[in-house]
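Peer 1: Pasting data-v7.csv below, which is CSV, C-alpha atoms.
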```csv
chain,number,residue,atom,x,y,z
A,794,ARG,CA,30.9,80.0,228.4
A,795,GLU,CA,28.4,82.6,227.3
A,796,GLY,CA,25.0,81.9,225.8
A,797,ALA,CA,23.0,78.6,226.2
A,798,MET,CA,25.8,76.8,228.1
A,799,SER,CA,25.7,79.4,230.9
A,800,ALA,CA,22.0,78.9,231.3
A,801,ARG,CA,22.3,75.2,232.1
A,802,PRO,CA,23.2,74.5,235.8
A,803,LEU,CA,25.9,72.1,236.5
A,804,PRO,CA,24.7,68.7,237.9
A,805,PHE,CA,25.0,68.2,241.6
A,806,ARG,CA,27.9,65.7,241.3
A,807,MET,CA,30.0,68.4,239.5
A,808,ARG,CA,28.7,71.5,241.3
A,809,VAL,CA,29.6,70.4,244.8
A,810,PRO,CA,33.2,69.3,244.1
A,811,LEU,CA,33.8,72.4,242.0
A,812,ALA,CA,32.6,74.6,244.9
A,813,LYS,CA,35.0,72.8,247.2
A,814,ILE,CA,37.9,73.2,244.8
A,815,LEU,CA,37.3,77.0,244.4
A,816,ALA,CA,37.0,77.4,248.2
A,817,ALA,CA,40.2,75.4,248.7
A,818,LYS,CA,42.1,77.6,246.2
A,819,GLN,CA,41.1,80.7,248.2
A,820,ARG,CA,42.5,79.1,251.4
A,821,ALA,CA,45.7,77.7,249.7
A,822,PRO,CA,48.9,78.7,251.5
A,823,PRO,CA,51.8,80.4,249.5
A,824,MET,CA,53.9,78.1,247.3
A,825,ALA,CA,56.7,76.4,249.3
A,826,SER,CA,60.3,76.3,248.2
A,827,ALA,CA,61.5,73.5,245.9
A,828,GLY,CA,63.5,72.0,248.8
A,829,VAL,CA,60.4,71.3,251.0
A,830,MET,CA,59.6,67.7,251.4
A,831,ALA,CA,56.1,66.4,250.5
A,832,GLU,CA,55.5,65.2,254.1
A,833,GLU,CA,55.8,68.7,255.4
A,834,LEU,CA,53.2,69.9,253.0
A,835,TRP,CA,50.5,67.7,254.5
A,836,ASP,CA,48.4,69.5,257.0
A,837,TYR,CA,46.5,66.8,258.8
A,838,SER,CA,44.0,69.4,260.1
A,839,SER,CA,42.8,70.2,256.5
A,840,LYS,CA,43.3,69.1,252.9
A,841,PRO,CA,46.6,68.3,251.2
A,842,ASN,CA,48.1,70.9,248.9
A,843,TYR,CA,48.2,68.7,245.8
A,844,LEU,CA,50.0,71.1,243.6
A,845,GLN,CA,52.9,71.4,245.9
A,846,MET,CA,52.9,67.6,246.5
A,847,VAL,CA,53.1,67.1,242.7
A,848,LEU,CA,56.0,69.5,242.4
A,849,THR,CA,57.9,67.7,245.1
A,850,ALA,CA,57.0,64.2,244.0
A,851,LYS,CA,59.9,61.6,243.9
A,852,VAL,CA,58.7,59.8,240.8
A,853,TYR,CA,61.7,60.5,238.7
A,854,ASP,CA,64.0,58.3,240.8
A,855,LEU,CA,62.3,55.5,238.9
A,856,ALA,CA,59.7,56.8,236.3
A,857,ASN,CA,60.4,58.5,233.0
A,858,GLU,CA,59.1,61.7,231.6
A,859,THR,CA,57.2,60.2,228.7
A,860,PRO,CA,56.7,61.9,225.3
A,861,LEU,CA,53.6,63.6,224.2
A,862,GLN,CA,53.2,62.1,220.7
A,863,PRO,CA,51.1,63.6,217.9
A,864,ALA,CA,48.4,61.3,216.7
A,865,SER,CA,48.4,62.4,213.1
A,866,LYS,CA,45.8,60.1,211.6
A,867,LEU,CA,43.4,60.6,214.5
A,868,SER,CA,43.9,64.4,214.3
A,869,GLU,CA,43.1,64.3,210.6
A,870,ARG,CA,40.0,62.3,211.1
A,871,LEU,CA,38.7,64.5,213.9
A,872,GLY,CA,39.8,67.8,212.4
A,873,ASN,CA,41.7,68.7,215.6
A,874,ARG,CA,45.2,68.4,217.1
A,875,VAL,CA,45.3,65.2,219.2
A,876,PHE,CA,48.3,64.0,221.2
A,877,LEU,CA,48.9,60.8,223.1
A,878,LYS,CA,50.7,60.7,226.4
A,879,ARG,CA,52.9,57.6,226.1
A,880,GLU,CA,52.7,56.2,229.6
A,881,ASP,CA,53.0,52.7,228.0
A,882,LEU,CA,56.7,53.5,227.9
A,883,GLN,CA,57.0,53.5,231.7
A,884,PRO,CA,58.5,50.6,233.6
A,885,GLY,CA,55.5,48.2,233.9
A,886,PHE,CA,53.9,49.8,230.8
A,887,SER,CA,51.7,52.1,232.9
A,888,PHE,CA,51.5,55.4,234.8
A,889,LYS,CA,50.8,53.3,238.0
A,890,VAL,CA,54.5,53.1,238.8
A,891,ARG,CA,54.5,56.9,239.5
A,892,GLY,CA,52.0,56.8,242.3
A,893,ALA,CA,53.2,53.5,243.8
A,894,TYR,CA,56.8,54.7,243.9
A,895,ASN,CA,56.0,58.2,245.2
A,896,LYS,CA,53.9,56.7,248.0
A,897,MET,CA,56.6,54.1,249.1
A,898,ALA,CA,59.5,56.6,248.7
A,899,HIS,CA,57.8,58.9,251.2
A,900,MET,CA,57.0,56.2,253.8
A,901,PRO,CA,59.3,56.0,256.8
A,902,ALA,CA,62.0,53.3,256.2
A,903,ALA,CA,61.2,51.6,259.5
A,904,ASP,CA,57.5,51.2,258.4
A,905,ILE,CA,58.3,49.4,255.2
A,906,ALA,CA,61.5,47.5,256.2
A,907,ASN,CA,59.6,44.3,256.5
A,908,GLY,CA,57.6,44.8,253.3
A,909,VAL,CA,54.4,46.2,252.0
A,910,VAL,CA,51.1,44.7,250.9
A,911,ALA,CA,49.0,45.8,247.9
A,912,HIS,CA,45.8,44.5,246.1
A,913,ALA,CA,45.6,44.7,242.4
A,914,VAL,CA,43.7,43.6,239.3
A,915,GLY,CA,45.4,46.0,236.9
A,916,SER,CA,48.9,47.5,236.7
A,917,HIS,CA,49.1,48.7,240.3
A,918,GLY,CA,50.6,45.4,241.4
A,919,GLU,CA,53.4,45.8,238.8
A,920,GLY,CA,54.0,49.4,240.0
A,921,VAL,CA,54.3,48.3,243.6
A,922,ALA,CA,56.6,45.4,242.7
A,923,ILE,CA,58.9,47.6,240.6
A,924,ALA,CA,59.0,50.3,243.3
A,925,GLY,CA,59.8,47.6,245.9
A,926,HIS,CA,62.6,46.2,243.8
A,927,LYS,CA,64.1,49.7,243.4
A,928,LEU,CA,63.8,50.5,247.2
A,929,GLY,CA,64.8,47.0,248.4
A,930,VAL,CA,61.4,46.5,250.0
A,931,PRO,CA,59.6,43.1,250.0
A,932,THR,CA,56.2,43.2,248.3
A,933,THR,CA,53.1,41.0,248.7
A,934,ILE,CA,50.5,41.5,246.0
A,935,VAL,CA,47.0,40.0,246.5
A,936,VAL,CA,45.0,39.2,243.4
A,937,PRO,CA,41.7,37.5,242.7
A,938,GLU,CA,41.8,33.7,242.0
A,939,GLN,CA,41.0,34.1,238.3
A,940,THR,CA,44.1,36.2,237.6
A,941,SER,CA,46.0,34.9,234.7
A,942,THR,CA,49.1,32.8,235.2
A,943,TRP,CA,51.2,35.1,233.0
A,944,LYS,CA,50.3,38.1,235.2
A,945,GLN,CA,51.3,36.1,238.3
A,946,LYS,CA,54.6,35.1,236.8
A,947,GLY,CA,55.3,38.7,235.7
A,948,LEU,CA,54.8,39.9,239.3
A,949,GLU,CA,57.0,37.1,240.6
A,950,ARG,CA,59.8,38.0,238.2
A,951,LEU,CA,59.7,41.4,239.7
A,952,GLY,CA,60.3,39.9,243.1
A,953,ALA,CA,56.8,40.0,244.5
A,954,GLU,CA,55.0,37.3,246.5
A,955,VAL,CA,51.6,36.7,244.9
A,956,VAL,CA,48.6,35.7,247.0
A,957,ARG,CA,45.5,34.5,245.2
A,958,HIS,CA,42.3,35.1,247.1
A,959,GLY,CA,38.6,35.3,246.3
A,960,ARG,CA,36.7,35.8,243.1
A,961,THR,CA,36.4,39.6,243.1
A,962,HIS,CA,38.6,42.7,243.7
A,963,ASP,CA,36.7,43.4,246.9
A,964,ALA,CA,37.7,40.0,248.3
A,965,ALA,CA,41.3,40.7,247.4
A,966,VAL,CA,41.1,44.1,249.1
A,967,ALA,CA,39.8,42.5,252.3
A,968,LYS,CA,42.5,39.9,252.2
A,969,ALA,CA,45.2,42.5,251.7
A,970,LEU,CA,43.9,44.5,254.7
A,971,ASP,CA,43.8,41.2,256.8
A,972,LEU,CA,47.4,40.4,255.8
A,973,SER,CA,48.4,44.0,256.8
A,974,LYS,CA,46.9,43.5,260.2
A,975,GLN,CA,48.5,40.1,260.7
A,976,THR,CA,52.0,41.1,259.6
A,977,GLY,CA,52.2,44.8,260.4
A,978,ARG,CA,53.1,45.5,256.8
A,979,PRO,CA,51.4,48.7,255.5
A,980,VAL,CA,49.1,48.7,252.5
A,981,VAL,CA,50.0,50.7,249.4
A,982,PRO,CA,46.7,52.0,248.0
A,983,SER,CA,46.1,51.9,244.3
A,984,PHE,CA,44.4,55.3,244.0
A,985,ASP,CA,42.7,56.8,247.1
A,986,ASP,CA,45.8,58.2,248.7
A,987,PRO,CA,47.3,61.8,248.5
A,988,LEU,CA,50.8,60.6,247.7
A,989,VAL,CA,49.6,58.2,245.1
A,990,ILE,CA,47.4,61.0,243.6
A,991,ALA,CA,50.4,63.4,243.6
A,992,GLY,CA,52.6,60.8,241.9
A,993,GLN,CA,50.0,60.4,239.1
A,994,GLY,CA,49.6,64.1,238.9
A,995,THR,CA,53.1,64.5,237.5
A,996,VAL,CA,51.6,63.3,234.2
A,997,GLY,CA,49.5,66.5,234.0
A,998,LEU,CA,52.5,68.6,234.9
A,999,GLU,CA,54.5,67.1,232.1
A,1000,VAL,CA,51.6,67.6,229.6
A,1001,LEU,CA,51.6,71.3,230.5
A,1002,ARG,CA,55.3,71.6,230.1
A,1003,GLN,CA,55.3,69.7,226.8
A,1004,MET,CA,52.5,71.7,225.2
A,1005,THR,CA,54.8,74.7,224.6
A,1006,SER,CA,52.7,76.4,221.9
A,1007,LYS,CA,49.5,76.7,223.9
A,1008,PRO,CA,47.7,74.9,226.7
A,1009,PRO,CA,45.6,71.9,225.7
A,1010,HIS,CA,41.9,72.6,225.2
A,1011,ALA,CA,41.0,69.3,227.0
A,1012,ILE,CA,42.7,66.3,228.5
A,1013,PHE,CA,40.8,63.0,228.2
A,1014,VAL,CA,41.5,60.5,230.9
A,1015,CYS,CA,40.4,56.9,231.2
A,1016,CYS,CA,39.0,56.4,234.8
A,1017,GLY,CA,38.9,53.3,237.0
A,1018,GLY,CA,39.7,54.2,240.6
A,1019,GLY,CA,40.3,57.8,239.7
A,1020,GLY,CA,43.9,58.2,240.9
A,1021,LEU,CA,45.2,59.5,237.6
A,1022,LEU,CA,42.2,61.7,237.0
A,1023,ALA,CA,42.4,63.2,240.4
A,1024,GLY,CA,46.1,63.9,240.0
```
Now that the file is in, can you turn its structure into structure tokens?
Peer 2:
Amino acid sequence: REGAMSARPLPFRMRVPLAKILAAKQRAPPMASAGVMAEELWDYSSKPNYLQMVLTAKVYDLANETPLQPASKLSERLGNRVFLKREDLQPGFSFKVRGAYNKMAHMPAADIANGVVAHAVGSHGEGVAIAGHKLGVPTTIVVPEQTSTWKQKGLERLGAEVVRHGRTHDAAVAKALDLSKQTGRPVVPSFDDPLVIAGQGTVGLEVLRQMTSKPPHAIFVCCGGGGLLAG
């Protein structure tokens, strides 16, 4: 923006990623055809083309396109038009199923035939369990020891084997990695993975499609690991 805002330099934590994004856009290859698979869009010598990966994500084999619902009272209070992206209407009541399913659906069948492992304190465990049920893949979810009984039973109802370990999320992560090494079952990451990020990114694509009158001025995203925000 012009004026005072332009005189204030961006902080380092924003300036460096922004510079990388702009440089990546200049190097981005032309858009692939709709029939190209996401695996082919990954260039292991550089960075993934997330836009193309989002456009070719397989999330709709399982996930729904959720409505963008006007928040009338909040809009009135704030003097602005506010909408809520209803990801609570997804299977598992969370966007997490998008990334989990997209990741697992793109993994070679031979790699996941014996099952997958995941660590979760939030809704990622449900997402992996639901995706596993859909794909016919056994799932093992590692959770901290203090995880509630109702959450464990919910995962088990979805067909997952639940392993309680440690008092922290970090301890559960370490246990999941150890189980993966012992059994040969791959880990399905909760956020820091290109296919997971691409799956979550379909939320943003839907928002742009659903805002038919004009693009949104801003999208506010709650952030834990950052998978949804990155997508």
Peer 1: Neighbours of Gly920 in chain A within 6 Å (all atoms listed in the file; same-chain residues fewer than 2 positions away dropped), as a list in words?
Peer 2: Lys889, Val890, Ala893, His917, Gly918, Ala922 and Ile923 of chain A
Peer 1: What does the distance between CA of Leu855 in chain A and CA of Thr932 in chain A come to in Å, to one decimal place?
Peer 2: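 These atoms are spaced 16.6 Å apart.
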Peer 1: Here's a test: counting all atoms listed in the file, identify every protein, DNA and RNA residue with an atom at most 7 Å from (52.9, 61.1, 234.0) in the file's coordinate frame, and state them as a PyMOL selection string.
Peer 2: chain A and resi 858-859+880+888+993-997+999
Peer 1: What lies within 12 Å of Lys974 in chain A using only C-alpha atoms, ignoring chain neighbours under 6 positions off, as a short mmCIF file (atom, residue, chain, number, x, y, z; two decimals) with C-alpha atoms, keeping the file's coordinate frame?
Peer 2:
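Below you can see out_20.cif, which holds the result:
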```cif
data_model
loop_
_atom_site.label_atom_id
_atom_site.label_comp_id
_atom_site.auth_asym_id
_atom_site.auth_seq_id
_atom_site.Cartn_x
_atom_site.Cartn_y
_atom_site.Cartn_z
CA VAL A 909 54.40 46.20 252.00
CA VAL A 910 51.10 44.70 250.90
CA ALA A 967 39.80 42.50 252.30
CA LYS A 968 42.50 39.90 252.20
CA VAL A 980 49.10 48.70 252.50
#
```
Peer 1: Got a sec: who's within 12 Å of Lys866 in chain A, counting all atoms listed in the file, leaving out chain neighbours fewer than 6 positions off, as a compact mmCIF listing (two decimals) with C-alpha atoms, keeping the file's coordinate frame?
Peer 2:
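Contents of the output file around.txt:
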```txt
# COMPACT_ATOMS: atom_id res chain seq x y z
CA GLY A 872 39.80 67.80 212.40
CA ASN A 873 41.70 68.70 215.60
CA ARG A 874 45.20 68.40 217.10
CA VAL A 875 45.30 65.20 219.20
CA PHE A 876 48.30 64.00 221.20
CA LEU A 877 48.90 60.80 223.10
```
Peer 1: So that I can check the surroundings of Gly959 in chain A, please list as a PyMOL selection string every protein, DNA and RNA residue that reaches within 9 Å of it, counting all atoms listed in the file and ignoring chain neighbours fewer than 2 positions away.
Peer 2: chain A and resi 936-939+957+961-965+968
Peer 1: Take the selection from the previous step and output its residues with C-alpha atoms, as a PDB file, in the frame of the given file.
Peer 2:
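Saved to again_38.pdb:
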```
ATOM      1  CA  VAL A 936      45.000  39.200 243.400  1.00  0.00           C
ATOM      2  CA  PRO A 937      41.700  37.500 242.700  1.00  0.00           C
ATOM      3  CA  GLU A 938      41.800  33.700 242.000  1.00  0.00           C
ATOM      4  CA  GLN A 939      41.000  34.100 238.300  1.00  0.00           C
ATOM      5  CA  ARG A 957      45.500  34.500 245.200  1.00  0.00           C
ATOM      6  CA  THR A 961      36.400  39.600 243.100  1.00  0.00           C
ATOM      7  CA  HIS A 962      38.600  42.700 243.700  1.00  0.00           C
ATOM      8  CA  ASP A 963      36.700  43.400 246.900  1.00  0.00           C
ATOM      9  CA  ALA A 964      37.700  40.000 248.300  1.00  0.00           C
ATOM     10  CA  ALA A 965      41.300  40.700 247.400  1.00  0.00           C
ATOM     11  CA  LYS A 968      42.500  39.900 252.200  1.00  0.00           C
TER      12      LYS A 968
END
```
